[in-house]
Structure formats: C-alpha cells, structure tokens
Amino acid sequence: MTGEASAHRSGFACFVGRPNAGKSTLTNALVGTKVAITSSKPQTTRHAIRGIVHREDAQLIVVDTPGLHRPRTLLGERLNDLVHSTWAEVDVVGLCVPANEKIGPGDRYIAAELGKLSKRTPVVGIVTKTDLAGPERVAEQLLALQEVMEFADLVPVSAQSGFQVRTVADVLVGKLPEGPQLYPGGELTDEPEQTLIAELIREAALEGVRDELPHSIAVTVEEMIPREDRDDLVDIHALIYVERPSQRGIILGHKGERLKDVGARARKQIEALLGTKVFLQLHIKVAKDWQRDPKQLRRLGF
Ligand SMILES: Nc1nc2c(ncn2[C@@H]2O[C@H](COP(=O)(O)OP(=O)(O)OP(=O)(O)O)[C@@H](O)[C@H]2O)c(=O)[nH]1
C-alpha cells in the first residue's frame, strides 16, 4: 500500500514479426479473451485490433498491427503506413520470433525498419512458441535474436502452454509510463463490434482455402439489427468481397456447401462474442481489383 512503490502504469504495446510468428495468439493469451484473429494462414490481421490487459498495477493496451510486407499494391502500401504509424504511437514494441524457425531475412527486414524508430520506443525481443523447441534451442534463439538489433529486454514465451505469459506482461508493463487507467475496467476491446464480426467472418471464410486467396477477401457488415420483440436474437447481414468470379466459386463451394459451413462457424464465434443468438446472412460480391482502387478501399475501411 506504499504509494511510491506501486505507481499505476498505463500505455500501449504492439507486437511485430513476420507472418505466423504468433503475435495474435500472444495478444489473446495476454488479454485472456479471443479478440484478435488467429489463423494458420499468414497475414490475416488487417485491422489494428486492441486488447486490454487490466491489472491492479497497470493497464496495457495491445495493438495488433497487420504484417509488414514489401509493398506491391496500394493496399500493401496502406498496410505498411499503418504499421509505421502504429509503431510511432506505442510505448513499447515486441519483436516476435518463433523458437522453432531460423531467424531469416524477413526478421532482419523488420528489425531494420524498427531500427529507424526513435530510440525512445523500447523494443523487447520475444522468442515465441517455446513449447515447440527444447531449452537448448530456445537459448540458441535468444542468442541469435540478440545479434539482430539492440533490445531493451529479451523474453521467451509460449502463448499455447502459458509459459512466461505473465513475464511478458510484466516486462511490457515495466516500459509503460506512470498513468491512470485509460479505459474503464472490464472493457476488453475498443474496436467496434462490427469490425470484430467482419474479422470473424473473414477468418471463417479463409479457413482451408488456397494461399493466394487471403489478400483477395474483405468483409463488411451491412446491417446488425436486434430482432423485434426478442432480446436474445440479432440479425446480421454481411458481404464477402472477392476480386474475381472464380474466387466467388471457391468461397461458395459445391452447391453452396462451403459458404454454409463458413456461416455456421462464423455464427458460433459471433454468438460467443455478443452473448446472444445470431441469424447470419452472408452474400458474396465480386469487386474487381478492389485492392488497387482507393474508393473501394475506403468503403472497406482501409
Ligand atoms: N505450438 C504453438 N503454436 C503457436 C503458439 N503461438 C502461436 N502458435 C500457432 O502459430 C500460428 C500463427 O499464430 P498467429 O498468432 O496467428 O501468428 P501471427 O504472428 O499473429 O500471424 P499473422 O497474423 O499472420 O501475422 C497459429 O497456427 C498458432 O496456433 C505457441 O505458443 N505454441
């Protein structure tokens, strides 16, 4: 209860690292509820979804940035701008590298970009997925990571087993400035519900489809209306945008079976998120080359 020893801290953190490094899973483990989107497909995190870690001594707001790409399209450029502006705004950055994969050019590219940050933003090196490697391999990876750039701290973690998740939180919290709660307690995310719902649908639509499809899908929630005379049912109408008619067929599947499946899976997740029953209507729209069209990008929220 001594005032000076337990000053409350608050601020922002974000995780960076190449696709599949485990950033979203770590965010979820820290926050304790599924808010960011995980998928075994690389680069599916489009929006800066924030999860909030509430503790007695601190409030840590985790911003989940999209992956950094070498930009090839207007969308790629926008995403990279979003990454850089996010880095500049946070109090601490965590660079994630999986324990079971060699550090490569992708990691070095990101480290070099991070190196351009002002020295005031500390970068913590995080070796993820330690459950997939032996202790020796983890130690080796920590040493290898140390060579890549100068870190304020290094921590190994497994978001899956929970090993050191608390330590990651402690280290990140340690880099935050002293300050009051920025968000009221109990609020897990400040992302509008509709964006989360669109992401859940996108995640369901991507499951099991070819590698080139992820960049061609976008989802918008057109309508979200509580059913009249019922307080336990919400009608949601969403559009899945694809670039080409052939991709429409992939999402739809044989006799629409796949889309039905996507709807069923997404509905379950949305019901868990909202805590009510959901009637979900999905439609597919072909929006040609939407990734290259600024007007359409704006409509889709980029
Ligand atoms: N065994 C194990 N698998 C993990 C762990 N963390 C993440 N994974 C898996 O690794 C894959 C990628 O994890 P994500 O959290 O989606 O990775 P990401 O860095 O957010 O990926 P992008 O959004 O594509 O940038 C998923 O299949 C996870 O289940 C971990 O601690 N242990």
# chains A, B, ... in the order shown; residues from 1 in each chain; ligands from 1
$ closest_atom_pairs --of "region 162-248 of chain A" --to "region 129-142 of chain A" --cutoff "12 Å" --atoms "only C-alpha atoms" --output "JSON lines"
{"residue": "A:Gly162", "atom": "CA", "partner": "A:Asp131", "partner_atom": "CA", "distance": 9.5}
{"residue": "A:Phe163", "atom": "CA", "partner": "A:Thr130", "partner_atom": "CA", "distance": 8.2}
{"residue": "A:Gln164", "atom": "CA", "partner": "A:Thr130", "partner_atom": "CA", "distance": 9.8}
{"residue": "A:Val165", "atom": "CA", "partner": "A:Lys129", "partner_atom": "CA", "distance": 11.1}
$ select_by_dssp --residues "region 215-261 of chain A" --states "helix (DSSP H, G or I)" --output "ChimeraX atom specification"
/A:215-216,245-252,254-261
$ write_last_selection --atoms "N, CA and C atoms" --output "compact mmCIF listing (two decimals), in the first residue's frame"
# COMPACT_ATOMS: atom_id res chain seq x y z
N HIS A 215 -5.49 -12.34 -49.60
CA HIS A 215 -5.41 -10.92 -49.94
C HIS A 215 -6.57 -10.46 -50.79
N SER A 216 -7.37 -11.40 -51.28
CA SER A 216 -8.47 -11.02 -52.16
C SER A 216 -9.80 -10.95 -51.43
N PRO A 245 -14.74 -13.66 -60.32
CA PRO A 245 -15.84 -14.63 -60.25
C PRO A 245 -15.37 -16.02 -59.84
N SER A 246 -14.15 -16.39 -60.27
CA SER A 246 -13.65 -17.73 -59.93
C SER A 246 -13.49 -17.88 -58.41
N GLN A 247 -13.14 -16.76 -57.76
CA GLN A 247 -12.96 -16.81 -56.30
C GLN A 247 -14.30 -16.93 -55.59
N ARG A 248 -15.32 -16.38 -56.24
CA ARG A 248 -16.67 -16.50 -55.71
C ARG A 248 -17.00 -18.00 -55.58
N GLY A 249 -16.64 -18.74 -56.63
CA GLY A 249 -16.91 -20.18 -56.64
C GLY A 249 -16.19 -20.91 -55.52
N ILE A 250 -14.97 -20.47 -55.24
CA ILE A 250 -14.18 -21.13 -54.18
C ILE A 250 -14.86 -20.95 -52.82
N ILE A 251 -15.29 -19.72 -52.56
CA ILE A 251 -15.94 -19.44 -51.26
C ILE A 251 -17.27 -20.16 -51.16
N LEU A 252 -18.00 -20.15 -52.28
CA LEU A 252 -19.33 -20.74 -52.32
C LEU A 252 -19.29 -22.27 -52.13
N HIS A 254 -19.26 -26.37 -53.60
CA HIS A 254 -20.22 -27.16 -54.37
C HIS A 254 -21.62 -26.94 -53.81
N LYS A 255 -22.51 -26.47 -54.63
CA LYS A 255 -23.91 -26.19 -54.25
C LYS A 255 -24.01 -25.29 -53.01
N GLY A 256 -23.02 -24.45 -52.84
CA GLY A 256 -23.07 -23.50 -51.71
C GLY A 256 -22.74 -24.11 -50.37
N GLU A 257 -22.25 -25.35 -50.39
CA GLU A 257 -21.98 -26.07 -49.12
C GLU A 257 -20.92 -25.37 -48.28
N ARG A 258 -19.87 -24.86 -48.98
CA ARG A 258 -18.77 -24.27 -48.23
C ARG A 258 -19.20 -22.97 -47.55
N LEU A 259 -19.95 -22.16 -48.26
CA LEU A 259 -20.42 -20.90 -47.67
C LEU A 259 -21.30 -21.17 -46.45
N LYS A 260 -22.11 -22.21 -46.56
CA LYS A 260 -22.98 -22.59 -45.44
C LYS A 260 -22.13 -22.90 -44.21
N ASP A 261 -21.06 -23.64 -44.47
CA ASP A 261 -20.11 -24.01 -43.43
C ASP A 261 -19.43 -22.79 -42.81
$ closest_residue --among "A:Arg18, A:Lys288, A:Lys277, A:Arg265" --to "Gly104 (chain A)" --atoms "only C-alpha atoms"
A:Arg18
$ atom_distance --atom1 "atom 26 (C, counted along the ligand's line) of ligand 1" --atom2 "CA of Leu114 (chain A)"
23.7 Å
$ closest_residue --among "A:Gln59, A:Thr220, A:Ser158, A:Thr86" --to "ligand 1" --atoms "only C-alpha atoms and all ligand atoms"
A:Ser158
$ atom_distance --atom1 "CA of Glu56 (chain A)" --atom2 "CA of Val93 (chain A)"
22.2 Å
$ residues_around --residues "Ile103 (chain A)" --least-positions-apart "5" --cutoff "9 Å" --atoms "only C-alpha atoms" --output "list in words"
Val97, Pro98, Arg108, Gln141, Ala144, Leu145 and Val148 of chain A
$ write_last_selection --atoms "N, CA and C atoms" --output "CSV table (one decimal), in the first residue's frame"
chain,number,residue,atom,x,y,z
A,97,VAL,N,9.7,-13.7,-32.6
A,97,VAL,CA,10.4,-14.6,-33.5
A,97,VAL,C,10.1,-16.0,-32.9
A,98,PRO,N,9.6,-16.9,-33.7
A,98,PRO,CA,9.3,-18.3,-33.2
A,98,PRO,C,10.6,-19.0,-32.9
A,108,ARG,N,15.1,-9.8,-40.3
A,108,ARG,CA,16.1,-8.8,-40.3
A,108,ARG,C,15.5,-7.5,-41.0
A,141,GLN,N,18.2,-19.5,-29.8
A,141,GLN,CA,17.4,-18.5,-30.5
A,141,GLN,C,17.5,-17.1,-29.8
A,144,ALA,N,20.8,-15.7,-30.9
A,144,ALA,CA,20.7,-15.3,-32.3
A,144,ALA,C,19.9,-14.0,-32.4
A,145,LEU,N,18.8,-13.9,-31.6
A,145,LEU,CA,18.0,-12.7,-31.7
A,145,LEU,C,18.8,-11.5,-31.2
A,148,VAL,N,20.5,-9.5,-33.8
A,148,VAL,CA,19.8,-8.8,-34.8
A,148,VAL,C,19.6,-7.3,-34.6
$ residues_around --residues "Leu176 (chain A)" --least-positions-apart "4" --cutoff "8 Å" --atoms "only C-alpha atoms" --output "list in words"
Arg9, Ser10, Gly11, Phe12, Asp91, Val92 and Leu172 of chain A
$ residues_around --residues "Glu223 (chain A)" --least-positions-apart "2" --cutoff "7 Å" --atoms "only C-alpha atoms" --output "PyMOL selection string"
chain A and resi 221+225+236-238
$ closest_residue --among "A:Leu154, A:Ala159, A:Leu117, A:Leu274" --to "ligand 1" --atoms "only C-alpha atoms and all ligand atoms"
A:Ala159
$ closest_residue --among "A:Val16, A:Leu280, A:Val123, A:Ala58" --to "Gln181 (chain A)" --atoms "only C-alpha atoms"
A:Ala58
$ atom_distance --atom1 "CA of Thr121 (chain A)" --atom2 "atom 22 (P, counted along the ligand's line) of ligand 1"
22.4 Å
$ residues_around --residues "Val286 (chain A)" --least-positions-apart "3" --cutoff "6 Å" --atoms "only C-alpha atoms" --output "PDB file with N, CA and C atoms, in the first residue's frame"
ATOM      1  N   TYR A 241     -16.389  -9.767 -49.967  1.00  0.00           N
ATOM      2  CA  TYR A 241     -15.909  -9.276 -51.258  1.00  0.00           C
ATOM      3  C   TYR A 241     -14.768 -10.135 -51.786  1.00  0.00           C
ATOM      4  N   VAL A 242     -14.882 -10.534 -53.050  1.00  0.00           N
ATOM      5  CA  VAL A 242     -13.770 -11.215 -53.711  1.00  0.00           C
ATOM      6  C   VAL A 242     -13.428 -10.422 -54.970  1.00  0.00           C
ATOM      7  N   GLU A 243     -12.278 -10.754 -55.581  1.00  0.00           N
ATOM      8  CA  GLU A 243     -11.848  -9.980 -56.738  1.00  0.00           C
ATOM      9  C   GLU A 243     -12.351 -10.535 -58.055  1.00  0.00           C
ATOM     10  N   ARG A 244     -12.485 -11.863 -58.127  1.00  0.00           N
ATOM     11  CA  ARG A 244     -12.815 -12.487 -59.408  1.00  0.00           C
ATOM     12  C   ARG A 244     -13.957 -13.482 -59.245  1.00  0.00           C
TER      13      ARG A 244
END
$ select_by_dssp --residues "region 94-189 of chain A" --states "strand (DSSP E)" --output "PyMOL selection string"
chain A and resi 94-98+123-128+153-156
$ closest_residue --among "A:Val171, A:His54, A:Glu207, A:Ile197" --to "ligand 1" --atoms "only C-alpha atoms and all ligand atoms"
A:Glu207
$ residues_around --residues "Arg230 (chain A)" --least-positions-apart "3" --cutoff "12 Å" --atoms "only C-alpha atoms" --output "compact mmCIF listing (two decimals) with N, CA and C atoms, in the first residue's frame"
# COMPACT_ATOMS: atom_id res chain seq x y z
N ILE A 225 -29.13 -5.79 -36.65
CA ILE A 225 -30.37 -5.30 -36.04
C ILE A 225 -30.94 -6.34 -35.06
N PRO A 226 -31.22 -5.92 -33.81
CA PRO A 226 -31.88 -6.83 -32.88
C PRO A 226 -33.26 -7.22 -33.42
N ARG A 227 -33.60 -8.51 -33.35
CA ARG A 227 -34.90 -8.97 -33.86
C ARG A 227 -36.02 -8.36 -33.01
N LEU A 233 -31.81 -12.24 -29.86
CA LEU A 233 -31.51 -12.60 -31.25
C LEU A 233 -31.16 -11.35 -32.05
N VAL A 234 -30.04 -11.45 -32.79
CA VAL A 234 -29.62 -10.32 -33.63
C VAL A 234 -29.50 -10.79 -35.08
N ASP A 235 -30.06 -10.02 -35.98
CA ASP A 235 -29.92 -10.31 -37.41
C ASP A 235 -28.70 -9.58 -37.96
N THR A 276 -25.46 -13.41 -27.55
CA THR A 276 -26.87 -13.61 -27.96
C THR A 276 -26.89 -14.58 -29.14
N LYS A 277 -28.08 -15.03 -29.49
CA LYS A 277 -28.22 -15.83 -30.70
C LYS A 277 -28.11 -14.90 -31.91
N VAL A 278 -27.62 -15.47 -33.01
CA VAL A 278 -27.40 -14.65 -34.20
C VAL A 278 -27.99 -15.34 -35.42
$ closest_residue --among "A:Ala111, A:Asp81, A:Glu203, A:Leu60" --to "ligand 1" --atoms "only C-alpha atoms and all ligand atoms"
A:Glu203
$ decode --residues "region 103-114 of chain A" --atoms "C-alpha atoms" --output "tab-separated table (two decimals), in the first residue's frame"
chain	number	residue	atom	x	y	z
A	103	ILE	CA	15.98	-16.13	-37.95
A	104	GLY	CA	15.90	-15.06	-41.60
A	105	PRO	CA	15.82	-12.11	-43.98
A	106	GLY	CA	12.17	-11.41	-43.05
A	107	ASP	CA	13.09	-10.88	-39.39
A	108	ARG	CA	16.11	-8.76	-40.33
A	109	TYR	CA	13.97	-6.59	-42.62
A	110	ILE	CA	11.57	-5.89	-39.75
A	111	ALA	CA	14.44	-5.27	-37.30
A	112	ALA	CA	15.99	-2.79	-39.74
A	113	GLU	CA	12.65	-0.97	-40.04
A	114	LEU	CA	12.35	-0.96	-36.24
